[in-house]
Every structure is written in C-alpha cells, then in structure tokens.
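For reference, input.txt (compact mmCIF, C-alpha atoms):
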# COMPACT_ATOMS: atom_id res chain seq x y z
CA MET A 1 98.38 33.55 -18.90
CA LEU A 2 94.91 35.02 -18.40
CA THR A 3 96.36 37.76 -16.22
CA SER A 4 98.81 38.80 -18.91
CA LEU A 5 96.06 38.81 -21.57
CA GLY A 6 93.58 40.54 -19.28
CA ILE A 7 90.64 38.38 -18.24
CA ASN A 8 88.34 41.36 -18.76
CA ASN A 9 89.02 40.92 -22.50
CA PHE A 10 87.18 37.56 -22.44
CA PHE A 11 83.89 38.59 -20.80
CA ASP A 12 81.48 41.43 -21.51
CA THR A 13 80.94 43.71 -18.49
CA TYR A 14 83.56 41.78 -16.47
CA ALA A 15 84.21 44.87 -14.30
CA ASP A 16 80.59 44.74 -13.06
CA PHE A 17 80.78 41.10 -11.88
CA PRO A 18 80.75 40.50 -8.11
CA ASP A 19 84.15 39.45 -6.74
CA SER A 20 82.78 36.01 -5.88
CA PHE A 21 81.69 35.47 -9.50
CA LYS A 22 84.97 36.80 -10.90
CA GLY A 23 86.65 33.82 -9.26
CA CYS A 24 84.47 31.50 -11.35
CA CYS A 25 85.37 33.13 -14.66
CA PRO A 26 88.66 31.23 -15.29
CA TYR A 27 86.81 27.94 -14.85
CA LEU A 28 83.96 29.04 -17.11
CA LEU A 29 86.47 30.09 -19.74
CA ALA A 30 88.34 26.79 -19.39
CA SER A 31 85.09 24.88 -19.95
CA VAL A 32 84.30 26.85 -23.11
CA LEU A 33 87.81 26.50 -24.55
CA TYR A 34 88.04 22.80 -23.65
CA HIS A 35 84.93 22.15 -25.75
CA LEU A 36 85.92 24.59 -28.51
CA PRO A 37 86.23 21.88 -31.26
CA THR A 38 82.72 20.68 -30.42
CA LEU A 39 81.35 24.22 -30.61
CA GLN A 40 82.94 24.60 -34.03
CA GLN A 41 81.16 21.43 -35.17
CA TRP A 42 77.83 22.59 -33.77
CA TRP A 43 78.00 26.07 -35.32
CA PRO A 44 80.30 26.03 -38.37
CA GLU A 45 78.81 29.24 -39.81
CA PRO A 46 81.09 32.22 -39.00
CA ASN A 47 78.20 34.66 -38.43
CA HIS A 48 76.61 32.64 -35.62
CA PRO A 49 75.92 34.76 -32.46
CA VAL A 50 78.30 32.60 -30.40
CA TRP A 51 81.25 33.78 -32.46
CA GLN A 52 80.24 37.41 -31.84
CA SER A 53 81.11 37.04 -28.15
CA LYS A 54 83.89 39.27 -26.84
CA MET A 55 86.55 36.55 -26.47
CA PHE A 56 86.15 35.46 -30.12
CA ILE A 57 86.36 39.03 -31.34
CA LYS A 58 89.42 39.96 -29.30
CA PHE A 59 91.42 36.76 -29.77
CA SER A 60 92.17 34.54 -32.74
CA MET A 61 91.47 30.81 -32.78
CA PRO A 62 95.22 29.98 -32.60
CA GLN A 63 95.51 32.11 -29.44
CA LEU A 64 92.51 30.40 -27.86
CA SER A 65 93.81 26.98 -28.88
CA LEU A 66 97.11 27.79 -27.13
CA LEU A 67 95.23 28.56 -23.93
CA ARG A 68 93.29 25.34 -24.33
CA GLN A 69 96.52 23.32 -24.18
CA HIS A 70 97.13 24.54 -20.61
CA ILE A 71 93.80 23.34 -19.21
CA VAL A 72 94.17 20.71 -16.50
CA THR A 73 91.31 18.21 -16.26
CA GLY A 74 90.35 15.86 -13.51
CA THR A 75 88.98 16.12 -9.97
CA PHE A 76 90.95 18.39 -7.67
CA TYR A 77 90.59 21.15 -5.10
CA ASP A 78 91.84 24.74 -5.49
CA PRO A 79 92.53 26.23 -2.02
CA GLU A 80 92.67 29.77 -3.41
CA SER A 81 89.22 29.77 -5.00
CA GLN A 82 87.95 26.96 -2.77
CA LEU A 83 86.37 25.33 -5.84
CA THR A 84 86.40 21.62 -6.62
CA ALA A 85 86.48 20.39 -10.20
CA THR A 86 83.82 17.75 -10.66
CA GLY A 87 85.05 16.40 -13.98
CA VAL A 88 82.74 15.42 -16.84
CA PRO A 89 79.08 15.50 -15.74
CA ASN A 90 77.23 12.18 -15.74
CA ILE A 91 74.72 13.48 -18.29
CA VAL A 92 77.56 13.97 -20.77
CA ARG A 93 78.66 10.37 -20.30
CA ILE A 94 75.09 9.18 -20.79
CA HIS A 95 74.72 11.18 -23.99
CA ALA A 96 78.00 9.75 -25.24
CA ARG A 97 76.73 6.22 -24.60
CA PHE A 98 73.48 6.98 -26.42
CA ASP A 99 75.44 8.34 -29.38
CA SER A 100 77.52 5.18 -29.44
CA ILE A 101 74.43 2.96 -29.29
CA GLU A 102 72.76 4.92 -32.08
CA GLU A 103 75.84 4.55 -34.27
CA ARG A 104 75.95 0.81 -33.62
CA LEU A 105 72.25 0.45 -34.45
CA ILE A 106 72.72 2.35 -37.73
CA ASN A 107 75.65 0.10 -38.65
CA PHE A 108 73.59 -2.96 -37.71
CA GLU A 109 70.72 -1.76 -39.92
CA HIS A 110 73.12 -1.29 -42.84
CA GLN A 111 74.44 -4.81 -42.31
CA LEU A 112 70.90 -6.20 -42.38
CA GLN A 113 70.13 -4.28 -45.57
CA ASN A 114 73.27 -5.62 -47.23
CA GLN A 115 72.45 -9.12 -46.03
CA ASN A 116 68.91 -8.84 -47.39
CA SER A 117 70.23 -7.57 -50.73
CA GLN A 118 72.66 -10.47 -50.95
CA MET A 119 69.87 -12.89 -50.04
CA ASN A 120 67.66 -11.52 -52.83
CA GLU A 121 70.50 -11.98 -55.31
CA LYS A 122 70.84 -15.61 -54.21
CA PHE A 123 67.08 -16.14 -54.57
CA GLU A 124 67.16 -14.68 -58.10
CA ALA A 125 70.06 -16.89 -59.11
CA LEU A 126 68.65 -20.08 -57.58
CA PRO A 127 66.02 -20.93 -60.25
CA GLU A 128 68.71 -20.74 -62.93
CA LYS A 129 70.95 -23.02 -60.88
CA ILE A 130 68.11 -25.50 -60.45
CA SER A 131 67.39 -25.49 -64.20
CA SER A 132 71.07 -26.08 -64.92
CA GLU A 133 71.17 -28.88 -62.39
CA LEU A 134 68.13 -30.54 -63.92
CA SER A 135 69.52 -30.31 -67.46
CA GLU A 136 72.87 -31.77 -66.37
CA ASN A 137 71.30 -34.66 -64.49
CA PHE A 138 68.51 -35.45 -66.90
CA ASN A 139 70.92 -37.56 -68.91
CA ILE A 140 73.50 -39.76 -67.23
CA GLU A 141 76.20 -41.20 -69.49
CA ASN A 142 73.98 -40.52 -72.49
CA GLN A 143 71.24 -42.64 -70.96
CA GLN A 144 67.94 -40.88 -70.38
CA MET A 145 66.66 -41.21 -66.81
CA GLY A 146 63.42 -42.99 -66.27
CA ARG A 147 60.31 -40.98 -65.47
CA ARG A 148 60.24 -42.23 -61.89
CA ASP A 149 63.89 -41.27 -61.35
CA PHE A 150 63.39 -37.83 -62.86
CA ILE A 151 60.28 -37.06 -60.77
CA GLU A 152 62.10 -38.19 -57.62
CA PHE A 153 65.09 -36.02 -58.52
CA GLN A 154 62.83 -33.04 -59.25
CA THR A 155 61.03 -33.52 -55.92
CA ASN A 156 64.34 -33.56 -54.06
CA ILE A 157 65.44 -30.32 -55.75
CA GLN A 158 62.17 -28.60 -54.86
CA ALA A 159 62.40 -29.80 -51.25
CA SER A 160 65.94 -28.47 -51.00
CA PHE A 161 64.85 -25.12 -52.36
CA GLU A 162 62.00 -24.87 -49.81
CA GLN A 163 64.38 -25.73 -46.98
CA TYR A 164 66.79 -23.05 -48.21
CA VAL A 165 64.04 -20.41 -48.28
CA ASN A 166 62.74 -21.35 -44.84
CA ARG A 167 66.24 -21.24 -43.34
CA ALA A 168 66.89 -17.83 -44.91
CA LEU A 169 63.62 -16.38 -43.64
CA SER A 170 64.17 -17.79 -40.16
CA HIS A 171 67.69 -16.40 -40.09
CA ASN A 172 66.56 -12.92 -41.10
CA ALA A 173 63.74 -12.94 -38.55
CA SER A 174 65.94 -14.05 -35.67
CA THR A 175 68.82 -11.73 -36.58
CA ALA A 176 66.62 -8.65 -36.71
CA GLU A 177 64.58 -9.79 -33.66
CA ARG A 178 61.42 -9.00 -35.56
CA SER A 179 57.88 -9.66 -34.41
CA ASN A 180 56.90 -13.33 -34.65
CA GLU A 181 53.71 -12.37 -36.46
CA GLN A 182 53.46 -14.27 -39.75
CA ILE A 183 51.29 -14.23 -42.79
CA VAL A 184 49.53 -17.59 -42.81
CA ASN A 185 47.40 -19.35 -45.37
CA ASN A 186 44.28 -21.43 -44.84
CA SER A 187 46.30 -24.49 -43.85
CA GLY A 188 48.03 -22.60 -41.06
CA THR A 189 51.49 -22.65 -42.68
CA ARG A 190 53.71 -19.72 -43.62
CA ASP A 191 52.59 -18.01 -46.77
CA PRO A 192 55.53 -17.68 -49.22
CA ASN A 193 54.21 -14.35 -50.54
CA ILE A 194 55.93 -12.08 -48.03
CA TYR A 195 58.00 -8.95 -48.54
CA TYR A 196 60.69 -7.25 -46.48
CA TRP A 197 60.93 -3.45 -46.31
CA GLY A 198 61.04 -0.74 -43.68
CA GLY A 199 62.82 -3.04 -41.25
CA ARG A 200 60.20 -5.81 -41.04
CA PHE A 201 58.11 -8.32 -43.01
CA HIS A 202 54.98 -7.34 -44.92
CA MET A 203 52.38 -9.10 -47.05
CA ILE A 204 52.50 -6.50 -49.86
CA PRO A 205 55.34 -4.73 -51.70
CA GLN A 206 56.30 -1.26 -50.52
CA ASP A 207 54.98 0.39 -53.71
CA PHE A 208 51.68 -1.52 -53.72
CA ASN A 209 48.53 0.58 -54.13
CA PHE A 210 45.37 -0.91 -52.68
CA PRO A 211 43.13 -1.37 -55.76
CA THR A 212 39.99 0.60 -56.57
CA CYS A 213 38.22 -1.69 -59.02
CA ALA A 214 34.99 -3.45 -59.91
CA ALA A 215 33.44 -5.36 -57.03
CA GLN A 216 33.83 -8.72 -58.77
CA ASN A 217 37.56 -8.11 -59.22
CA MET A 218 37.90 -7.14 -55.58
CA TRP A 219 36.04 -10.31 -54.57
CA THR A 220 38.69 -12.43 -56.29
CA GLN A 221 41.60 -10.42 -54.91
CA TRP A 222 40.02 -10.32 -51.45
CA HIS A 223 39.74 -14.11 -51.15
CA LEU A 224 42.39 -15.45 -53.57
CA GLY A 225 45.02 -12.72 -53.76
CA ILE A 226 46.84 -11.30 -56.78
CA ALA A 227 48.89 -14.08 -58.34
CA SER A 228 50.65 -11.83 -60.86
CA GLN A 229 52.20 -9.84 -58.00
CA ASN A 230 52.65 -12.75 -55.56
CA ILE A 231 50.25 -11.13 -53.10
CA SER A 232 48.20 -13.12 -50.62
CA PRO A 233 44.40 -12.64 -50.20
CA LEU A 234 43.78 -8.98 -49.45
CA LYS A 235 41.45 -9.82 -46.56
CA LYS A 236 44.60 -10.61 -44.55
CA ILE A 237 45.55 -6.94 -44.76
CA TYR A 238 42.56 -5.99 -42.64
CA SER A 239 43.09 -8.69 -40.02
CA HIS A 240 46.88 -8.53 -39.59
CA TYR A 241 48.62 -6.03 -41.87
CA ILE A 242 46.52 -2.86 -42.07
CA THR A 243 49.66 -0.82 -41.32
CA ASP A 244 51.15 -2.02 -44.63
CA VAL A 245 48.72 0.38 -46.35
CA PRO A 246 49.42 4.13 -46.06
CA LYS A 247 47.05 5.90 -43.66
CA GLY A 248 45.53 7.96 -46.46
CA LYS A 249 44.42 4.79 -48.29
CA ARG A 250 43.22 2.59 -45.43
CA TYR A 251 39.64 3.76 -45.93
CA LEU A 252 39.66 1.68 -49.13
CA VAL A 253 40.44 -1.45 -47.11
CA HIS A 254 37.50 -0.73 -44.78
CA LYS A 255 35.12 -0.12 -47.71
CA ALA A 256 36.24 -3.29 -49.45
CA LYS A 257 35.76 -5.33 -46.26
CA PHE A 258 32.28 -3.84 -45.73
CA VAL A 259 31.09 -4.86 -49.20
CA MET A 260 32.87 -8.25 -49.31
CA ASP A 261 31.52 -9.19 -45.86
CA SER A 262 27.99 -8.21 -46.96
CA VAL A 263 28.14 -10.49 -50.01
CA GLU A 264 29.64 -13.33 -47.97
CA LYS A 265 26.94 -12.98 -45.30
CA ILE A 266 24.23 -13.30 -47.95
CA ALA A 267 25.84 -16.56 -49.10
CA ARG A 268 25.92 -17.95 -45.58
CA VAL A 269 22.37 -16.87 -44.71
CA ASN A 270 21.08 -18.57 -47.86
CA GLY A 271 22.97 -21.81 -47.22
CA LYS A 272 25.45 -21.41 -50.08
CA LEU A 273 28.33 -21.38 -47.61
CA ARG A 274 28.47 -23.39 -44.39
CA ALA A 275 29.57 -21.79 -41.13
CA ASP A 276 32.80 -23.82 -41.13
CA GLN A 277 33.46 -23.41 -44.84
CA VAL A 278 35.97 -20.93 -46.27
CA ILE A 279 35.96 -19.21 -49.64
CA ASP A 280 38.73 -20.51 -51.89
CA SER A 281 39.42 -21.19 -55.56
CA THR A 282 36.94 -24.11 -55.62
CA ASN A 283 33.83 -22.10 -54.69
CA CYS A 284 34.77 -18.43 -55.12
CA TRP A 285 32.91 -17.68 -58.34
CA GLU A 286 29.92 -19.93 -57.66
CA ILE A 287 29.28 -18.10 -54.39
CA TRP A 288 29.79 -14.71 -56.04
CA LYS A 289 27.28 -15.24 -58.83
CA PHE A 290 24.47 -16.03 -56.44
CA ALA A 291 25.28 -13.75 -53.50
CA PHE A 292 26.17 -10.71 -55.61
CA GLY A 293 22.88 -10.96 -57.48
CA GLU A 294 20.97 -11.01 -54.21
CA TYR A 295 23.06 -8.12 -52.89
CA LEU A 296 22.18 -5.97 -55.91
CA LYS A 297 18.48 -6.58 -55.28
CA LEU A 298 18.89 -4.98 -51.87
CA LEU A 299 20.65 -1.91 -53.22
CA TYR A 300 18.83 -1.25 -56.49
CA SER A 301 15.19 -1.21 -57.53
CA ALA A 302 13.78 -3.73 -59.99
CA GLU A 303 13.48 -0.96 -62.59
CA GLN A 304 17.16 -0.07 -62.24
CA LEU A 305 18.24 -3.70 -62.52
CA ALA A 306 16.12 -4.17 -65.66
CA LYS A 307 17.66 -1.28 -67.57
CA PRO A 308 19.82 -2.34 -70.56
CA SER A 309 22.45 0.17 -69.48
CA PHE A 310 22.82 -1.43 -66.05
CA ARG A 311 26.16 -3.26 -66.02
CA PRO A 312 26.68 -5.04 -62.66
CA ASP A 313 30.13 -6.35 -63.59
CA ASP A 314 31.42 -2.77 -63.88
CA ILE A 315 30.20 -1.48 -60.52
CA TYR A 316 33.02 -0.53 -58.19
CA TYR A 317 32.98 -1.74 -54.59
CA THR A 318 33.36 1.89 -53.49
CA THR A 319 30.09 2.69 -55.27
CA LEU A 320 28.31 -0.21 -53.57
CA HIS A 321 29.66 0.94 -50.22
CA LYS A 322 28.29 4.43 -50.81
CA ILE A 323 24.84 3.17 -51.78
CA HIS A 324 24.69 0.59 -48.98
CA THR A 325 25.64 3.04 -46.22
CA LYS A 326 23.03 5.55 -47.42
CA LYS A 327 20.22 2.99 -47.17
CA THR A 328 18.29 3.32 -43.91
CA ILE A 329 17.19 -0.34 -43.70
CA ILE A 330 18.90 -3.30 -45.35
CA ASN A 331 18.30 -6.74 -43.94
CA ILE A 332 21.12 -9.17 -44.64
What do you get writing this file as structure tokens?
Amino acid sequence: MLTSLGINNFFDTYADFPDSFKGCCPYLLASVLYHLPTLQQWWPEPNHPVWQSKMFIKFSMPQLSLLRQHIVTGTFYDPESQLTATGVPNIVRIHARFDSIEERLINFEHQLQNQNSQMNEKFEALPEKISSELSENFNIENQQMGRRDFIEFQTNIQASFEQYVNRALSHNASTAERSNEQIVNNSGTRDPNIYYWGGRFHMIPQDFNFPTCAAQNMWTQWHLGIASQNISPLKKIYSHYITDVPKGKRYLVHKAKFVMDSVEKIARVNGKLRADQVIDSTNCWEIWKFAFGEYLKLLYSAEQLAKPSFRPDDIYYTTLHKIHTKKTIINI
C-alpha cells in the first residue's frame, strides 16, 4: 500500500535518506499512525506544527486511518529488513499504570469527600433527632418521668452521641490513612473542636484568619480558645498545627507566642503560676492582671504609663512585640 501511494509522499527529503534508514521508514510511519488517535487528543488544534508535516498535508485522515487498519502488532522478525518488532516499550506500560493509579486515587478522594459531606449532614441532623427523642420519652403514658429517670435517660443519649462521633472520626481517619496526630486538650483526650479540609484534620476552619487584636483578647484566645467558633486554644497552632495558617500569616503566630510567653514567664518568675500549673479558665484573668501590668512596666516608662491617654487594654500584641524586640535589655 505504501508503494502504491509513494512512501516519499510521507517524509520530507525522503530521497536524501540513506538506504539503511529508508528501510526503517515504514516502521516509523506505522508507529505514528498506530498512535494517531492519541496524537489527536494531545494536539486537537488544527494549526499545530505536527499537522503541518508532509504526510498530513498530502493525505486525509480517512486515508491515514485506512492504512492504520493494516498495521500488524506484536513481536516478530522481518527477514527482508532484518528488524525485530519489540512491541510496546516498558515505559509506556509504566505510564499507563501510573495513569490508572492516579485515576483511582482521584475517585477515592471524591468518595471520601462525599462520605465526609454525608457525615456532616448526619451530624447536623443528630441534635434535632435527640431533641425529638427527649420530647417523646419525657412523658410515658401521660405520666411525667421522675427527675432521676430523666437525667439517666439524658446521660445515655449524650453517651450514645459521643460514641457515634468517636466512631465516625475513627472511621474517617482509618479510611483515609491520615496521620495519627491529634489535637489534644489538657486532660490528654481528643479535642472535639477539629475540622476536616484539604484531605486531613485541622484545628481551625479553612477560612479562619489568625486574629490581630488587643493583647488581652489574644491572651484569652491563646489559652482558652474561641468558643464562638469552636476553636481550641490558639497556642496549639504553634506546637502542632502551624501549617493550618497560610505562610503569609504565620508571622502573627510567632509574634503572639513571643508576647504571650513573656507575660506567662513573668507570672511564673513572680510565683503567680507554679512550674507544674497550666493556665486555664480558673486562673487565666487573675494571672493576666498581674503579669501584664508588670510586663508594661518593662516596656514603657513611668511617665507613659501615667498619661490619661494611655489605654493598656487597647494595645495590640503586635505593638508589644515591636516595642519588646527593639529594647536592648529586658530582664524577665
């Protein structure tokens, strides 16, 4: 078929090829035509340089497709050309396997996302179900339950809900083969304020912006968290979850830690906080009032502190960090 069409019509400067290379041309052409559908997927635009080659100018796609039907694949030996067909190269098989694995991983990720979405819907619906269950069981045959019975029933419902949440979280973690790193609270148990985005667990929502605020507000959020957003103490970000914060905002975490640690150290040096004692809701503000006052004395002069316009409650932790780091000598 190539002889009748003229093999010189498929290759530029075919007449100048050495005779030994001319024998390779039918095999080169067969390789190109065999993979023609793939080439069309790679370069769908008609003005691509590939489609300006001589064979694609001289012959139509139906003509080339007809030739393609006569290609024989496999491993064999041609005594005339003394060439052996090697079949599909190993690298092609490897790429095909990688493509298959990538497709399976993408499908798996979509399944996890759907599963997580369904789990969230169940979580949202659960409180309503519990309320309905309580209202239905609060009265039995028009007889009001005793207080002891009701408290016991309420405790059982809450325990069931906690078991359900723990099972769901464990299932998600094992299915996705995530890191076993957990957000923990002061008692060493799993903190319920965790979020799932970007393929793993986090201690803050994906759209959370690390706050720039007054130092006293940061002190509370640093040690107690942000209850309105179900966020654990922000100091855990620095120790375990710094990557939850975008790179461009992590400097705020470092500044906050610098100032919060300075205030805490003052409390410990002055005996307001024992070495084995942690800062929690029972001592947070008592420690702050004393230690923050002493901290300000190190950063500001007595004249500055005495000014009526001086408002310590409005000073941002970023401002304190700037003043502190500019001081040559501060003994804490």
> Distance atom CA of A:Pro211-atom CA of A:Val253, one decimal place?
Replying inline: 9.1 Å
Around stretch 301-318 of chain A, with edges along x, y and z and 6 Å added on all six sides, what centre and edge lengths do you get, in Å to one decimal, as JSON?
{"center_x": 23.4, "center_y": -2.2, "center_z": -62.0, "size_x": 31.9, "size_y": 20.2, "size_z": 29.1}
> Which is closest to A:Thr73 among A:Ser31, A:Gln41, A:Asn9, A:Gln52, if we use all atoms listed in the file?
Replying inline: A:Ser31
>> Show me, as a ChimeraX atom specification, the residues that have an atom within 6 Å of stretch 315-324 of chain A when counting all atoms listed in the file, minus same-chain residues fewer than 4 positions from it.
In response: /A:213-215
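Using only C-alpha atoms for every distance, the candidate list A:Lys255, A:His110, A:Arg268, A:Lys247 yields A:His110 as the residue closest to A:Gly199.
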Please supply stretch 221-241 of chain A, rebuilt with N, CA and C atoms, as a JSON list (two decimals), keeping the file's coordinate frame.
[["chain", "number", "residue", "atom", "x", "y", "z"],
["A", 221, "GLN", "N", 40.37, -10.82, -55.58],
["A", 221, "GLN", "CA", 41.60, -10.42, -54.91],
["A", 221, "GLN", "C", 41.46, -10.52, -53.39],
["A", 222, "TRP", "N", 40.27, -10.28, -52.89],
["A", 222, "TRP", "CA", 40.02, -10.32, -51.45],
["A", 222, "TRP", "C", 40.20, -11.73, -50.89],
["A", 223, "HIS", "N", 39.71, -12.73, -51.65],
["A", 223, "HIS", "CA", 39.74, -14.11, -51.15],
["A", 223, "HIS", "C", 40.86, -14.96, -51.73],
["A", 224, "LEU", "N", 41.38, -14.61, -52.92],
["A", 224, "LEU", "CA", 42.39, -15.45, -53.57],
["A", 224, "LEU", "C", 43.74, -14.76, -53.71],
["A", 225, "GLY", "N", 43.77, -13.44, -53.60],
["A", 225, "GLY", "CA", 45.02, -12.72, -53.76],
["A", 225, "GLY", "C", 45.25, -12.26, -55.19],
["A", 226, "ILE", "N", 46.46, -11.79, -55.45],
["A", 226, "ILE", "CA", 46.84, -11.30, -56.78],
["A", 226, "ILE", "C", 48.06, -12.11, -57.22],
["A", 227, "ALA", "N", 47.82, -13.14, -57.99],
["A", 227, "ALA", "CA", 48.89, -14.08, -58.34],
["A", 227, "ALA", "C", 50.00, -13.40, -59.14],
["A", 228, "SER", "N", 49.64, -12.47, -60.01],
["A", 228, "SER", "CA", 50.65, -11.83, -60.86],
["A", 228, "SER", "C", 51.67, -11.04, -60.06],
["A", 229, "GLN", "N", 51.29, -10.61, -58.85],
["A", 229, "GLN", "CA", 52.20, -9.84, -58.00],
["A", 229, "GLN", "C", 52.63, -10.60, -56.75],
["A", 230, "ASN", "N", 52.30, -11.91, -56.72],
["A", 230, "ASN", "CA", 52.65, -12.75, -55.56],
["A", 230, "ASN", "C", 52.13, -12.15, -54.26],
["A", 231, "ILE", "N", 50.86, -11.74, -54.26],
["A", 231, "ILE", "CA", 50.25, -11.13, -53.10],
["A", 231, "ILE", "C", 49.16, -12.05, -52.56],
["A", 232, "SER", "N", 49.17, -12.27, -51.28],
["A", 232, "SER", "CA", 48.20, -13.12, -50.62],
["A", 232, "SER", "C", 46.81, -12.48, -50.63],
["A", 233, "PRO", "N", 45.75, -13.22, -50.25],
["A", 233, "PRO", "CA", 44.40, -12.64, -50.20],
["A", 233, "PRO", "C", 44.38, -11.32, -49.44],
["A", 234, "LEU", "N", 43.75, -10.32, -50.03],
["A", 234, "LEU", "CA", 43.78, -8.98, -49.45],
["A", 234, "LEU", "C", 43.03, -8.89, -48.13],
["A", 235, "LYS", "N", 42.17, -9.87, -47.84],
["A", 235, "LYS", "CA", 41.45, -9.82, -46.56],
["A", 235, "LYS", "C", 42.41, -9.94, -45.38],
["A", 236, "LYS", "N", 43.61, -10.50, -45.62],
["A", 236, "LYS", "CA", 44.60, -10.61, -44.55],
["A", 236, "LYS", "C", 45.16, -9.25, -44.16],
["A", 237, "ILE", "N", 45.08, -8.29, -45.09],
["A", 237, "ILE", "CA", 45.55, -6.94, -44.76],
["A", 237, "ILE", "C", 44.74, -6.40, -43.60],
["A", 238, "TYR", "N", 43.42, -6.56, -43.68],
["A", 238, "TYR", "CA", 42.56, -5.99, -42.64],
["A", 238, "TYR", "C", 42.79, -6.65, -41.29],
["A", 239, "SER", "N", 42.99, -7.96, -41.29],
["A", 239, "SER", "CA", 43.09, -8.69, -40.02],
["A", 239, "SER", "C", 44.46, -8.58, -39.37],
["A", 240, "HIS", "N", 45.54, -8.48, -40.17],
["A", 240, "HIS", "CA", 46.88, -8.53, -39.59],
["A", 240, "HIS", "C", 47.82, -7.42, -40.07],
["A", 241, "TYR", "N", 47.59, -6.89, -41.27],
["A", 241, "TYR", "CA", 48.62, -6.03, -41.87],
["A", 241, "TYR", "C", 48.05, -4.71, -42.39]]
